[in-house]
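The file final-v5.cif comes next; it holds mmCIF, C-alpha atoms.
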data_start
#
loop_
_atom_site.label_atom_id
_atom_site.label_comp_id
_atom_site.auth_asym_id
_atom_site.auth_seq_id
_atom_site.Cartn_x
_atom_site.Cartn_y
_atom_site.Cartn_z
CA MET U 1 -151.14 252.80 78.18
CA SER U 2 -148.72 251.14 75.76
CA HIS U 3 -150.08 250.25 72.34
CA LEU U 4 -150.18 246.82 70.74
CA THR U 5 -147.37 245.90 68.41
CA GLU U 6 -148.05 244.95 64.81
CA GLU U 7 -147.27 241.35 65.71
CA GLN U 8 -149.85 241.38 68.48
CA LEU U 9 -152.42 242.77 66.06
CA VAL U 10 -151.73 239.91 63.65
CA ASP U 11 -152.06 237.47 66.56
CA ALA U 12 -155.31 239.14 67.51
CA TYR U 13 -156.65 238.70 63.98
CA TYR U 14 -155.89 235.00 63.79
CA SER U 15 -156.43 233.86 67.34
CA GLY U 16 -158.21 236.67 69.15
CA GLU U 17 -155.43 236.75 71.71
CA PRO U 18 -154.00 238.38 73.66
CA ALA U 19 -155.39 241.74 72.64
CA ASP U 20 -159.16 241.48 73.05
CA SER U 21 -159.44 243.53 76.22
CA HIS U 22 -156.94 246.15 75.06
CA LEU U 23 -158.73 246.64 71.75
CA ALA U 24 -161.96 247.31 73.58
CA GLU U 25 -160.33 250.15 75.50
CA CYS U 26 -157.86 251.71 73.04
CA PRO U 27 -159.39 253.51 70.02
CA GLU U 28 -156.00 253.92 68.34
CA CYS U 29 -155.19 250.20 68.41
CA LYS U 30 -158.76 249.38 67.50
CA ALA U 31 -158.45 251.54 64.37
CA SER U 32 -155.16 249.85 63.42
CA PHE U 33 -156.73 246.47 63.99
CA GLU U 34 -159.77 247.30 61.87
CA GLN U 35 -157.50 248.35 59.02
CA LEU U 36 -155.60 245.08 59.23
CA ARG U 37 -158.79 243.06 59.53
CA GLU U 38 -160.33 244.68 56.47
CA LEU U 39 -157.30 243.90 54.34
CA LEU U 40 -156.90 240.31 55.50
CA ASP U 41 -160.64 239.67 55.18
CA ARG U 42 -160.49 240.89 51.62
CA LEU U 43 -157.68 238.47 50.83
CA SER U 44 -159.92 235.66 52.05
CA ASP U 45 -162.53 236.58 49.44
CA LEU U 46 -160.28 235.59 46.59
CA PRO U 47 -161.78 232.50 44.99
CA THR U 48 -160.21 229.09 44.53
CA PRO U 49 -161.61 226.43 42.20
CA GLU U 50 -163.51 223.70 44.00
CA ARG U 51 -163.45 220.00 43.23
CA GLY U 52 -166.60 217.90 43.42
CA PRO U 53 -167.38 215.08 45.86
CA GLY U 54 -166.12 212.49 43.35
CA TYR U 55 -162.70 214.09 43.12
CA GLY U 56 -161.14 211.74 45.68
CA GLY U 57 -162.20 208.75 43.59
CA GLU U 58 -160.68 210.29 40.49
CA VAL U 59 -157.41 210.94 42.30
CA TRP U 60 -157.41 207.35 43.51
CA THR U 61 -158.02 205.94 40.03
CA ARG U 62 -155.07 207.89 38.66
CA LEU U 63 -152.92 207.07 41.66
CA LEU U 64 -153.60 203.34 41.67
CA LEU U 65 -151.39 202.54 38.73
CA ARG U 66 -148.50 204.48 40.24
CA LEU U 67 -148.56 202.81 43.63
CA PRO U 68 -145.83 200.25 44.16
CA ARG U 69 -147.14 196.70 44.23
CA THR U 70 -147.05 194.92 47.53
CA LYS U 71 -147.51 191.29 48.51
CA SER U 72 -150.70 192.16 50.32
CA ARG U 73 -152.19 193.51 47.13
CA LYS U 74 -154.02 190.22 47.11
CA ALA U 75 -155.85 191.35 50.26
CA TRP U 76 -159.57 191.38 50.68
CA TRP U 77 -160.18 194.41 48.50
CA TRP U 78 -158.86 192.50 45.54
CA ILE U 79 -161.54 189.89 46.14
CA LEU U 80 -164.25 192.43 46.79
CA ALA U 81 -163.48 194.77 43.92
CA PRO U 82 -164.79 192.57 41.09
CA ALA U 83 -167.92 191.87 43.12
CA LEU U 84 -168.37 195.59 43.63
CA ALA U 85 -167.88 196.21 39.93
CA ALA U 86 -170.50 193.58 39.20
CA MET U 87 -172.94 195.13 41.66
CA LEU U 88 -172.43 198.54 40.11
CA ALA U 89 -172.98 197.13 36.66
CA ILE U 90 -176.20 195.50 37.84
CA ALA U 91 -177.31 198.81 39.27
CA PHE U 92 -176.50 200.39 35.94
CA LEU U 93 -178.44 197.78 34.00
CA ALA U 94 -181.41 198.11 36.30
CA GLY U 95 -181.40 201.81 35.62
CA ARG U 96 -181.27 201.33 31.87
CA TRP U 97 -184.23 198.98 31.93
CA THR U 98 -186.24 201.30 34.13
CA GLU U 99 -185.44 204.13 31.79
CA ARG U 100 -187.27 202.45 28.92
CA SER U 101 -190.60 202.69 30.68
CA GLU U 102 -189.99 205.88 32.58
CA PRO U 103 -187.98 208.83 31.26
CA ILE U 104 -185.34 210.03 33.68
CA ALA U 105 -183.35 213.17 34.15
CA GLY U 106 -180.16 213.57 32.12
CA ASN U 107 -178.07 213.81 35.27
CA SER U 108 -179.16 210.36 36.47
CA GLU U 109 -178.26 208.85 33.14
CA GLN U 110 -174.90 210.56 33.27
CA ALA U 111 -174.36 209.31 36.79
CA ARG U 112 -175.11 205.73 35.75
CA GLU U 113 -172.83 205.98 32.75
CA ARG U 114 -170.12 207.27 35.01
CA VAL U 115 -170.66 204.36 37.37
CA LEU U 116 -170.31 201.93 34.49
CA LEU U 117 -167.16 203.58 33.25
CA LEU U 118 -165.67 203.54 36.73
CA SER U 119 -166.59 199.86 37.08
CA ILE U 120 -164.96 199.08 33.75
CA SER U 121 -161.87 201.10 34.72
CA GLU U 122 -161.47 199.27 38.01
CA HIS U 123 -162.03 195.92 36.39
CA LEU U 124 -159.59 196.60 33.57
CA GLU U 125 -156.92 197.82 35.95
CA ARG U 126 -157.05 194.52 37.81
CA SER U 127 -157.27 192.49 34.61
CA GLN U 128 -154.26 194.33 33.25
CA ILE U 129 -152.21 193.24 36.25
CA VAL U 130 -153.17 189.60 35.60
CA LEU U 131 -152.38 189.89 31.89
CA GLU U 132 -149.00 191.47 32.56
CA GLN U 133 -148.08 188.73 35.01
CA VAL U 134 -149.18 185.95 32.69
CA ALA U 135 -147.47 187.54 29.71
CA ASN U 136 -144.18 187.91 31.56
CA THR U 137 -143.99 184.74 33.66
CA ASP U 138 -144.77 181.09 33.09
CA ASP U 139 -146.46 180.71 36.43
CA LEU U 140 -150.19 180.52 35.72
CA VAL U 141 -151.01 179.25 39.19
CA GLU U 142 -149.94 182.54 40.75
CA GLU U 143 -152.65 184.38 38.81
CA ARG U 144 -155.26 181.63 38.79
CA ASP U 145 -157.20 182.85 41.81
CA ARG U 146 -157.23 186.42 40.59
CA ALA U 147 -158.51 185.35 37.19
CA ARG U 148 -161.30 183.35 38.81
CA GLU U 149 -162.32 186.38 40.82
CA LEU U 150 -162.47 188.55 37.72
CA ILE U 151 -164.48 186.27 35.45
CA GLY U 152 -167.93 187.01 36.90
CA ALA U 153 -167.56 190.78 36.71
CA ASN U 154 -166.05 190.52 33.24
CA ARG U 155 -169.01 188.53 31.95
CA LEU U 156 -171.47 191.01 33.39
CA LEU U 157 -169.61 193.99 31.98
CA ARG U 158 -169.35 192.33 28.55
CA GLN U 159 -173.09 191.64 28.53
CA THR U 160 -173.74 195.26 29.55
CA ALA U 161 -171.52 196.56 26.76
CA GLU U 162 -173.30 194.28 24.26
CA ARG U 163 -176.73 195.44 25.40
CA LEU U 164 -175.70 199.05 25.04
CA GLY U 165 -174.37 198.40 21.55
CA ASP U 166 -170.79 199.18 22.58
CA ALA U 167 -169.30 196.63 20.18
CA LYS U 168 -165.69 197.73 20.58
CA ASP U 169 -165.62 197.31 24.36
CA ALA U 170 -167.65 194.10 24.09
CA VAL U 171 -165.05 192.52 21.80
CA VAL U 172 -162.17 193.45 24.12
CA LEU U 173 -164.07 192.11 27.12
CA GLU U 174 -164.85 188.89 25.24
CA GLN U 175 -161.19 188.31 24.37
CA LEU U 176 -160.24 189.15 27.92
CA GLU U 177 -162.79 186.68 29.24
CA GLN U 178 -161.29 183.91 27.14
CA VAL U 179 -157.84 184.54 28.62
CA LEU U 180 -159.23 184.82 32.15
CA LEU U 181 -160.99 181.47 31.66
CA ASP U 182 -157.78 179.85 30.35
CA VAL U 183 -155.84 181.11 33.36
CA ALA U 184 -158.63 180.24 35.82
CA ASN U 185 -158.77 176.68 34.46
CA ALA U 186 -155.03 176.14 34.46
CA PRO U 187 -153.96 172.82 36.03
CA ASP U 188 -152.26 172.74 39.42
CA LYS U 189 -148.94 172.06 37.72
CA PRO U 190 -149.09 173.85 34.40
CA THR U 191 -146.39 173.14 31.85
CA LYS U 192 -144.48 175.75 29.93
CA ASP U 193 -146.68 174.89 26.95
CA ASP U 194 -149.82 175.77 28.95
CA ALA U 195 -148.38 179.17 29.73
CA ALA U 196 -147.15 179.64 26.18
CA ARG U 197 -150.65 178.99 24.78
CA VAL U 198 -152.18 181.71 26.95
CA GLN U 199 -149.32 184.07 26.18
CA LYS U 200 -149.87 183.45 22.48
CA THR U 201 -153.56 184.32 22.78
CA ILE U 202 -152.67 187.54 24.58
CA ALA U 203 -150.09 188.44 21.96
CA GLN U 204 -152.19 187.47 18.91
CA ASN U 205 -155.13 189.56 20.07
CA GLU U 206 -152.84 192.39 21.20
CA LEU U 207 -154.89 192.13 24.35
CA LEU U 208 -152.63 194.05 26.71
CA PHE U 209 -152.58 196.96 24.30
CA LYS U 210 -156.35 196.84 23.78
CA VAL U 211 -157.03 196.67 27.51
CA ARG U 212 -154.78 199.68 28.10
CA ILE U 213 -156.50 201.67 25.37
CA THR U 214 -159.97 200.73 26.64
CA LEU U 215 -158.92 201.59 30.18
CA THR U 216 -157.59 205.01 29.18
CA ASP U 217 -160.70 205.66 27.11
CA ALA U 218 -163.05 204.64 29.94
CA ARG U 219 -161.17 206.84 32.38
CA GLU U 220 -161.25 209.83 30.08
CA ARG U 221 -164.92 209.39 29.32
CA GLY U 222 -165.64 209.00 33.03
CA LEU U 223 -163.77 212.18 33.87
CA THR U 224 -165.55 214.26 31.25
CA LEU U 225 -169.04 213.24 32.39
CA MET F 1 -167.64 201.08 60.91
CA GLU F 2 -165.82 203.96 59.31
CA TRP F 3 -162.06 204.10 59.81
CA THR F 4 -160.52 207.09 61.51
CA ASP F 5 -157.52 208.58 59.75
CA ALA F 6 -155.19 206.92 62.25
CA GLN F 7 -156.80 203.50 61.76
CA ALA F 8 -156.75 203.82 57.98
CA ALA F 9 -153.11 204.93 58.05
CA ALA F 10 -152.18 201.98 60.27
CA GLU F 11 -153.97 199.56 57.93
CA ALA F 12 -152.40 201.17 54.86
CA ARG F 13 -148.99 200.80 56.46
CA LEU F 14 -149.62 197.05 56.60
CA GLY F 15 -150.15 197.10 52.84
CA ASN F 16 -153.93 197.48 52.72
CA GLN F 17 -154.41 199.72 49.70
CA GLN F 18 -158.14 199.98 50.32
CA ALA F 19 -157.34 201.74 53.57
CA PHE F 20 -155.12 204.17 51.71
CA ARG F 21 -157.93 204.74 49.27
CA VAL F 22 -160.09 205.89 52.19
CA LEU F 23 -157.46 208.48 53.04
CA VAL F 24 -157.14 209.61 49.43
CA GLU F 25 -160.88 210.03 49.03
CA ARG F 26 -161.16 211.82 52.35
CA HIS F 27 -158.35 214.33 51.90
CA SER F 28 -158.09 214.99 48.15
CA ARG F 29 -160.29 218.07 48.00
CA ALA F 30 -158.64 219.85 50.90
CA LEU F 31 -155.23 218.94 49.54
CA PHE F 32 -156.16 220.35 46.15
CA ARG F 33 -157.15 223.67 47.73
CA LEU F 34 -153.87 223.85 49.59
CA ALA F 35 -151.86 222.93 46.50
CA TYR F 36 -153.74 225.49 44.43
CA ARG F 37 -153.13 228.26 46.92
CA MET F 38 -149.49 227.36 47.11
CA THR F 39 -148.99 227.30 43.34
CA GLY F 40 -151.83 229.32 41.87
CA ASN F 41 -152.27 226.90 38.99
CA GLU F 42 -154.89 224.16 38.61
CA GLN F 43 -152.74 221.75 36.65
CA ASP F 44 -149.84 222.15 39.05
CA ALA F 45 -152.24 221.62 41.93
CA GLU F 46 -153.57 218.41 40.35
CA ASP F 47 -150.03 217.13 39.90
CA LEU F 48 -149.11 218.09 43.45
CA VAL F 49 -152.08 216.17 44.84
CA GLN F 50 -150.90 213.05 43.00
CA GLU F 51 -147.28 213.54 44.06
CA SER F 52 -148.22 214.17 47.66
CA PHE F 53 -150.30 211.02 47.97
CA LEU F 54 -147.65 208.97 46.21
CA LYS F 55 -144.98 210.25 48.58
CA ALA F 56 -147.28 209.74 51.55
CA TYR F 57 -147.84 206.13 50.52
CA LYS F 58 -144.15 205.45 50.14
CA GLN F 59 -143.34 207.15 53.44
CA LEU F 60 -146.18 205.71 55.49
CA ARG F 61 -143.73 203.96 57.76
CA ASN F 62 -142.42 207.38 58.81
CA PHE F 63 -145.86 208.62 59.81
CA ASP F 64 -146.00 209.28 63.52
CA GLU F 65 -149.44 208.23 64.70
CA ARG F 66 -149.37 210.78 67.47
CA SER F 67 -149.83 213.57 64.93
CA ALA F 68 -152.83 214.11 62.70
CA PHE F 69 -152.65 212.43 59.30
CA SER F 70 -153.94 215.60 57.61
CA THR F 71 -151.14 217.67 59.15
CA TRP F 72 -148.56 215.16 57.98
CA LEU F 73 -150.09 215.05 54.52
CA HIS F 74 -150.21 218.84 54.32
CA ARG F 75 -146.55 218.95 55.26
CA ILE F 76 -145.72 216.64 52.36
CA CYS F 77 -147.84 218.74 50.01
CA VAL F 78 -146.26 221.99 51.19
CA ASN F 79 -142.79 220.55 50.65
CA CYS F 80 -143.71 219.30 47.18
CA ALA F 81 -145.15 222.74 46.41
CA LEU F 82 -142.02 224.48 47.67
CA ASP F 83 -139.89 222.27 45.41
CA LEU F 84 -142.08 223.22 42.50
CA ILE F 85 -142.04 226.93 43.34
CA ARG F 86 -138.24 226.83 43.61
CA ALA F 87 -138.02 225.21 40.20
CA ARG F 88 -140.47 227.74 38.77
CA LYS F 89 -138.66 230.69 40.27
CA LYS F 90 -135.56 229.64 38.47
CA ARG F 91 -137.48 229.59 35.21
CA ASP F 92 -139.82 232.53 35.39
CA HIS F 93 -141.98 234.69 37.63
CA GLN F 94 -145.60 233.77 37.36
CA THR F 95 -148.57 235.46 38.90
CA PRO F 96 -150.74 232.87 40.58
CA GLY F 97 -153.74 232.13 38.40
CA TRP F 98 -156.10 232.09 41.34
CA LEU F 99 -155.61 235.82 41.67
CA GLU F 100 -156.91 236.44 38.20
CA GLY F 101 -160.58 235.75 38.83
CA VAL F 102 -161.23 237.79 41.89
CA ALA F 103 -164.97 238.35 41.72
CA ALA F 104 -166.85 237.17 44.79
CA PRO F 105 -170.21 235.49 44.06
CA ASP F 106 -172.13 238.74 44.16
CA PRO F 107 -169.69 241.58 44.49
CA SER F 108 -170.74 245.17 44.66
CA PRO F 109 -168.99 247.36 42.04
CA GLU F 110 -167.08 249.06 44.83
CA ARG F 111 -165.98 245.78 46.38
CA LEU F 112 -165.03 244.43 42.99
CA THR F 113 -162.85 247.44 42.31
CA GLN F 114 -161.13 247.11 45.66
CA SER F 115 -160.65 243.38 45.25
CA SER F 116 -159.29 243.78 41.75
CA GLN F 117 -156.80 246.39 42.81
CA VAL F 118 -155.68 244.39 45.81
CA ALA F 119 -155.55 241.17 43.82
CA GLU F 120 -153.57 242.78 41.05
CA LEU F 121 -150.84 243.56 43.53
CA LEU F 122 -151.18 240.43 45.60
CA GLY F 123 -149.56 238.16 42.99
CA PRO F 124 -146.27 240.06 42.89
CA ALA F 125 -146.51 240.64 46.63
CA LEU F 126 -146.79 236.91 47.30
CA ASN F 127 -143.91 236.26 44.95
CA ARG F 128 -141.77 238.58 47.04
CA LEU F 129 -142.33 236.45 50.16
CA SER F 130 -139.77 233.86 51.04
CA GLU F 131 -140.82 230.24 50.58
CA SER F 132 -141.42 229.69 54.27
CA GLU F 133 -143.34 232.96 54.60
CA ARG F 134 -145.58 232.08 51.70
CA ALA F 135 -146.22 228.58 52.99
CA ALA F 136 -146.84 229.82 56.52
CA PHE F 137 -149.24 232.51 55.31
CA VAL F 138 -151.23 230.12 53.09
CA LEU F 139 -151.50 227.61 55.91
CA ARG F 140 -152.48 230.20 58.50
CA HIS F 141 -154.73 232.41 56.43
CA TYR F 142 -156.42 229.99 54.04
CA GLU F 143 -156.13 226.64 55.78
CA GLY F 144 -156.79 227.94 59.28
CA SER F 145 -153.82 225.96 60.60
CA SER F 146 -152.58 226.69 64.09
CA ILE F 147 -149.03 227.92 64.64
CA GLU F 148 -148.13 224.48 66.01
CA GLU F 149 -149.47 222.78 62.87
CA ILE F 150 -147.56 225.18 60.64
CA ALA F 151 -144.40 224.54 62.62
CA GLN F 152 -144.92 220.81 62.13
CA ALA F 153 -145.67 221.20 58.44
CA LEU F 154 -142.56 223.28 57.82
CA GLY F 155 -140.39 221.39 60.26
CA VAL F 156 -139.49 224.48 62.28
CA GLN F 157 -139.95 225.78 65.84
CA THR F 158 -143.29 227.40 66.69
CA SER F 159 -141.55 230.74 67.22
CA ALA F 160 -140.14 230.57 63.69
CA ALA F 161 -143.54 229.63 62.27
CA LYS F 162 -145.19 232.51 64.09
CA ASN F 163 -142.52 234.85 62.86
CA SER F 164 -142.98 233.68 59.27
CA VAL F 165 -146.70 234.40 59.41
CA PHE F 166 -146.06 237.82 60.89
CA ARG F 167 -143.40 238.73 58.35
CA ALA F 168 -145.66 237.57 55.53
CA VAL F 169 -148.55 239.72 56.72
CA GLN F 170 -146.23 242.65 57.27
CA LYS F 171 -144.77 242.40 53.77
CA LEU F 172 -148.16 241.93 52.15
CA ARG F 173 -149.53 244.87 54.04
CA ARG F 174 -146.71 247.12 52.88
CA SER F 175 -147.03 245.95 49.30
CA LEU F 176 -150.78 246.35 49.22
CA ALA F 177 -151.12 249.48 51.31
CA PRO F 178 -151.03 252.00 48.44
CA ALA F 179 -153.79 250.26 46.46
CA TRP F 180 -155.72 249.56 49.60
CA GLU F 181 -155.61 253.13 50.83
CA SER F 182 -156.67 254.58 47.48
CA ALA F 183 -159.51 252.11 47.18
CA ARG F 184 -160.93 252.77 50.64
#
What is this file in structure tokens?
Amino acid sequence: MSHLTEEQLVDAYYSGEPADSHLAECPECKASFEQLRELLDRLSDLPTPERGPGYGGEVWTRLLLRLPRTKSRKAWWWILAPALAAMLAIAFLAGRWTERSEPIAGNSEQARERVLLLSISEHLERSQIVLEQVANTDDLVEERDRARELIGANRLLRQTAERLGDAKDAVVLEQLEQVLLDVANAPDKPTKDDAARVQKTIAQNELLFKVRITLTDARERGLTL
Amino acid sequence: MEWTDAQAAAEARLGNQQAFRVLVERHSRALFRLAYRMTGNEQDAEDLVQESFLKAYKQLRNFDERSAFSTWLHRICVNCALDLIRARKKRDHQTPGWLEGVAAPDPSPERLTQSSQVAELLGPALNRLSESERAAFVLRHYEGSSIEEIAQALGVQTSAAKNSVFRAVQKLRRSLAPAWESAR
């Protein structure tokens, strides 16, 4: 009886073929196989760090700003995202109010805070796109629909920040809301002066810079929770 | 209704970023494990995950729907990892960090000793493998990929992929045999 080659033993380890029957009959090959199996099994024991269930969301948040913009960025998710952010913020608020009458576990509070921070991050990412467009072009109409979609979520997030005593974020969100309102209420044929007024507000308040800082801060806080 | 990978990829190709988000959220953890095993470093693995998804997004039009999205994505990640390893090899020789903490959840002292000895040699042993051998071994041993999937990921014939796995095991076995024999 000819013995199995080393290659066949490796095949047998990974796929169980074609050596099963031979291994049952040949003690020499079986011993070689057991030696190989023990070593390879041991290599499988070596640990790798695991990422939690929210890891995909974190990857996405970081990735989003690096993805090239496409025309269809205005697709349905753009419309749904602010609504989702608003819903999450409502869920967060509901939790905070419940908490006053009924103590809750630290993990739940952390989870809600994380949800809020993620909502703020998503909202600010979208707002930043609008601000950049308005700051760099005179075409307010292009961004008008987006601004309208963002106003509701912005208001809710600002109110949440105020309730939680987060004055810094509340101020940024208030200034952002003013710009979003100006853009949302732009006439069908805005003049260059209309655009210049909004651009001036953005520049005077250093709003783009503040939004970026708040966004980075919210992301970092969200990741450390 | 939940999108399948193929449906999400098709939607993403049309510019629907939400569909791509589904793919990112679905495959990030597995991709991280692969990247970590390829590089042995958490920060490198994090960067590779980002790079792989970014490349995948930009190359979506090249994705052949007949193959599995995960296989295609793994191929991108493996290639990104190989680029990184090549760059690293030029700079220095690092022992993969994932070999440093070798304790299983509840190891017996004997098992711990064996694992430590094997692990101590595994880093240099893996570094002695060629790029394709290392990639093929990680995919076969840790990812459970089939020979066909490895061949696809590395862009080689199945016979070459099979051979790479075999050569990797053979080299590792030779490198680790002394420690292994003394520990047994």
Next on the checklist: Set the distance at 7 Å and use only C-alpha atoms: which residues neighbour segment 138-151 of chain F once local chain neighbours fewer than 6 positions away are removed? I'd like the list as a list in words.
Outcome noted: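 What passes the distance filter is Ser44 of chain U; Arg37, Met38, Thr71, Gln157, Thr158, Ala161 and Lys162 of chain F.
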Item to check | the PyMOL selection byres ((chain F and resi 29) around 10) applied to the shown file, residues as a ChimeraX atom specification | outcome: /U:50-56,59 /F:24-28,30-35,49
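Atom CA of Leu63 of chain U is positioned 26.0 Å from atom CA of Ala161 of chain U.
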Checklist entry - Pick the closest to Glu206 of chain U from U:Asn136, U:Thr191, U:Gln175, U:Ser119: which is it, counting all atoms listed in the file? => result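 Closest to Glu206 of chain U, using all atoms listed in the file: U:Gln175.
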Checklist outcome for this item: Taken to one decimal, the atom CA of Leu207 of chain U-atom CA of Gln178 of chain U distance is 10.8 Å
Item to check | Result set of the PyMOL selection byres ((chain U and resi 6) around 10) on the coordinates above, as a list in words | outcome: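 Listing what the PyMOL selection byres ((chain U and resi 6) around 10) selects in the shown file: His3, Leu4, Thr5, Glu7, Gln8, Leu9, Val10, Asp11, Ala12, Cys29, Ser32, Phe33 and Leu36 of chain U; Phe166, Val169 and Gln170 of chain F.
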Just-selected residues, C-alpha atoms written as an mmCIF file, in the coordinates of the input:
data_model
loop_
_atom_site.group_PDB
_atom_site.id
_atom_site.type_symbol
_atom_site.label_atom_id
_atom_site.label_comp_id
_atom_site.auth_asym_id
_atom_site.auth_seq_id
_atom_site.Cartn_x
_atom_site.Cartn_y
_atom_site.Cartn_z
ATOM 1 C CA HIS U 3 -150.080 250.250 72.340
ATOM 2 C CA LEU U 4 -150.180 246.820 70.740
ATOM 3 C CA THR U 5 -147.370 245.900 68.410
ATOM 4 C CA GLU U 7 -147.270 241.350 65.710
ATOM 5 C CA GLN U 8 -149.850 241.380 68.480
ATOM 6 C CA LEU U 9 -152.420 242.770 66.060
ATOM 7 C CA VAL U 10 -151.730 239.910 63.650
ATOM 8 C CA ASP U 11 -152.060 237.470 66.560
ATOM 9 C CA ALA U 12 -155.310 239.140 67.510
ATOM 10 C CA CYS U 29 -155.190 250.200 68.410
ATOM 11 C CA SER U 32 -155.160 249.850 63.420
ATOM 12 C CA PHE U 33 -156.730 246.470 63.990
ATOM 13 C CA LEU U 36 -155.600 245.080 59.230
ATOM 14 C CA PHE F 166 -146.060 237.820 60.890
ATOM 15 C CA VAL F 169 -148.550 239.720 56.720
ATOM 16 C CA GLN F 170 -146.230 242.650 57.270
#
Filled-in N, CA and C atoms of segment 59-76 of chain F, supplied as a PDB file, in the coordinates of the input:
ATOM      1  N   GLN F  59    -143.963 206.791  52.148  1.00  0.00           N
ATOM      2  CA  GLN F  59    -143.340 207.150  53.440  1.00  0.00           C
ATOM      3  C   GLN F  59    -144.230 206.811  54.636  1.00  0.00           C
ATOM      4  N   LEU F  60    -145.230 205.987  54.399  1.00  0.00           N
ATOM      5  CA  LEU F  60    -146.180 205.710  55.490  1.00  0.00           C
ATOM      6  C   LEU F  60    -145.492 205.216  56.764  1.00  0.00           C
ATOM      7  N   ARG F  61    -144.399 204.501  56.572  1.00  0.00           N
ATOM      8  CA  ARG F  61    -143.730 203.960  57.760  1.00  0.00           C
ATOM      9  C   ARG F  61    -143.135 205.082  58.627  1.00  0.00           C
ATOM     10  N   ASN F  62    -142.954 206.248  58.032  1.00  0.00           N
ATOM     11  CA  ASN F  62    -142.420 207.380  58.810  1.00  0.00           C
ATOM     12  C   ASN F  62    -143.521 208.191  59.496  1.00  0.00           C
ATOM     13  N   PHE F  63    -144.762 207.858  59.217  1.00  0.00           N
ATOM     14  CA  PHE F  63    -145.860 208.620  59.810  1.00  0.00           C
ATOM     15  C   PHE F  63    -145.967 208.325  61.305  1.00  0.00           C
ATOM     16  N   ASP F  64    -145.896 209.401  62.071  1.00  0.00           N
ATOM     17  CA  ASP F  64    -146.000 209.280  63.520  1.00  0.00           C
ATOM     18  C   ASP F  64    -147.470 209.376  63.912  1.00  0.00           C
ATOM     19  N   GLU F  65    -148.006 208.279  64.421  1.00  0.00           N
ATOM     20  CA  GLU F  65    -149.440 208.230  64.700  1.00  0.00           C
ATOM     21  C   GLU F  65    -149.908 209.219  65.754  1.00  0.00           C
ATOM     22  N   ARG F  66    -148.957 209.806  66.451  1.00  0.00           N
ATOM     23  CA  ARG F  66    -149.370 210.780  67.470  1.00  0.00           C
ATOM     24  C   ARG F  66    -149.835 212.091  66.824  1.00  0.00           C
ATOM     25  N   SER F  67    -149.382 212.333  65.602  1.00  0.00           N
ATOM     26  CA  SER F  67    -149.830 213.570  64.930  1.00  0.00           C
ATOM     27  C   SER F  67    -150.979 213.247  63.980  1.00  0.00           C
ATOM     28  N   ALA F  68    -151.675 214.316  63.574  1.00  0.00           N
ATOM     29  CA  ALA F  68    -152.830 214.110  62.700  1.00  0.00           C
ATOM     30  C   ALA F  68    -152.345 213.760  61.297  1.00  0.00           C
ATOM     31  N   PHE F  69    -153.046 212.829  60.652  1.00  0.00           N
ATOM     32  CA  PHE F  69    -152.650 212.430  59.300  1.00  0.00           C
ATOM     33  C   PHE F  69    -152.729 213.631  58.357  1.00  0.00           C
ATOM     34  N   SER F  70    -153.777 214.452  58.531  1.00  0.00           N
ATOM     35  CA  SER F  70    -153.940 215.600  57.610  1.00  0.00           C
ATOM     36  C   SER F  70    -152.768 216.568  57.732  1.00  0.00           C
ATOM     37  N   THR F  71    -152.285 216.773  58.947  1.00  0.00           N
ATOM     38  CA  THR F  71    -151.140 217.670  59.150  1.00  0.00           C
ATOM     39  C   THR F  71    -149.909 217.114  58.447  1.00  0.00           C
ATOM     40  N   TRP F  72    -149.711 215.822  58.606  1.00  0.00           N
ATOM     41  CA  TRP F  72    -148.560 215.160  57.980  1.00  0.00           C
ATOM     42  C   TRP F  72    -148.662 215.250  56.463  1.00  0.00           C
ATOM     43  N   LEU F  73    -149.865 214.999  55.961  1.00  0.00           N
ATOM     44  CA  LEU F  73    -150.090 215.050  54.520  1.00  0.00           C
ATOM     45  C   LEU F  73    -149.887 216.466  53.984  1.00  0.00           C
ATOM     46  N   HIS F  74    -150.381 217.438  54.731  1.00  0.00           N
ATOM     47  CA  HIS F  74    -150.210 218.840  54.320  1.00  0.00           C
ATOM     48  C   HIS F  74    -148.726 219.208  54.276  1.00  0.00           C
ATOM     49  N   ARG F  75    -147.989 218.666  55.232  1.00  0.00           N
ATOM     50  CA  ARG F  75    -146.550 218.950  55.260  1.00  0.00           C
ATOM     51  C   ARG F  75    -145.893 218.421  53.976  1.00  0.00           C
ATOM     52  N   ILE F  76    -146.276 217.213  53.596  1.00  0.00           N
ATOM     53  CA  ILE F  76    -145.720 216.640  52.360  1.00  0.00           C
ATOM     54  C   ILE F  76    -146.092 217.508  51.173  1.00  0.00           C
TER      55      ILE F  76
END
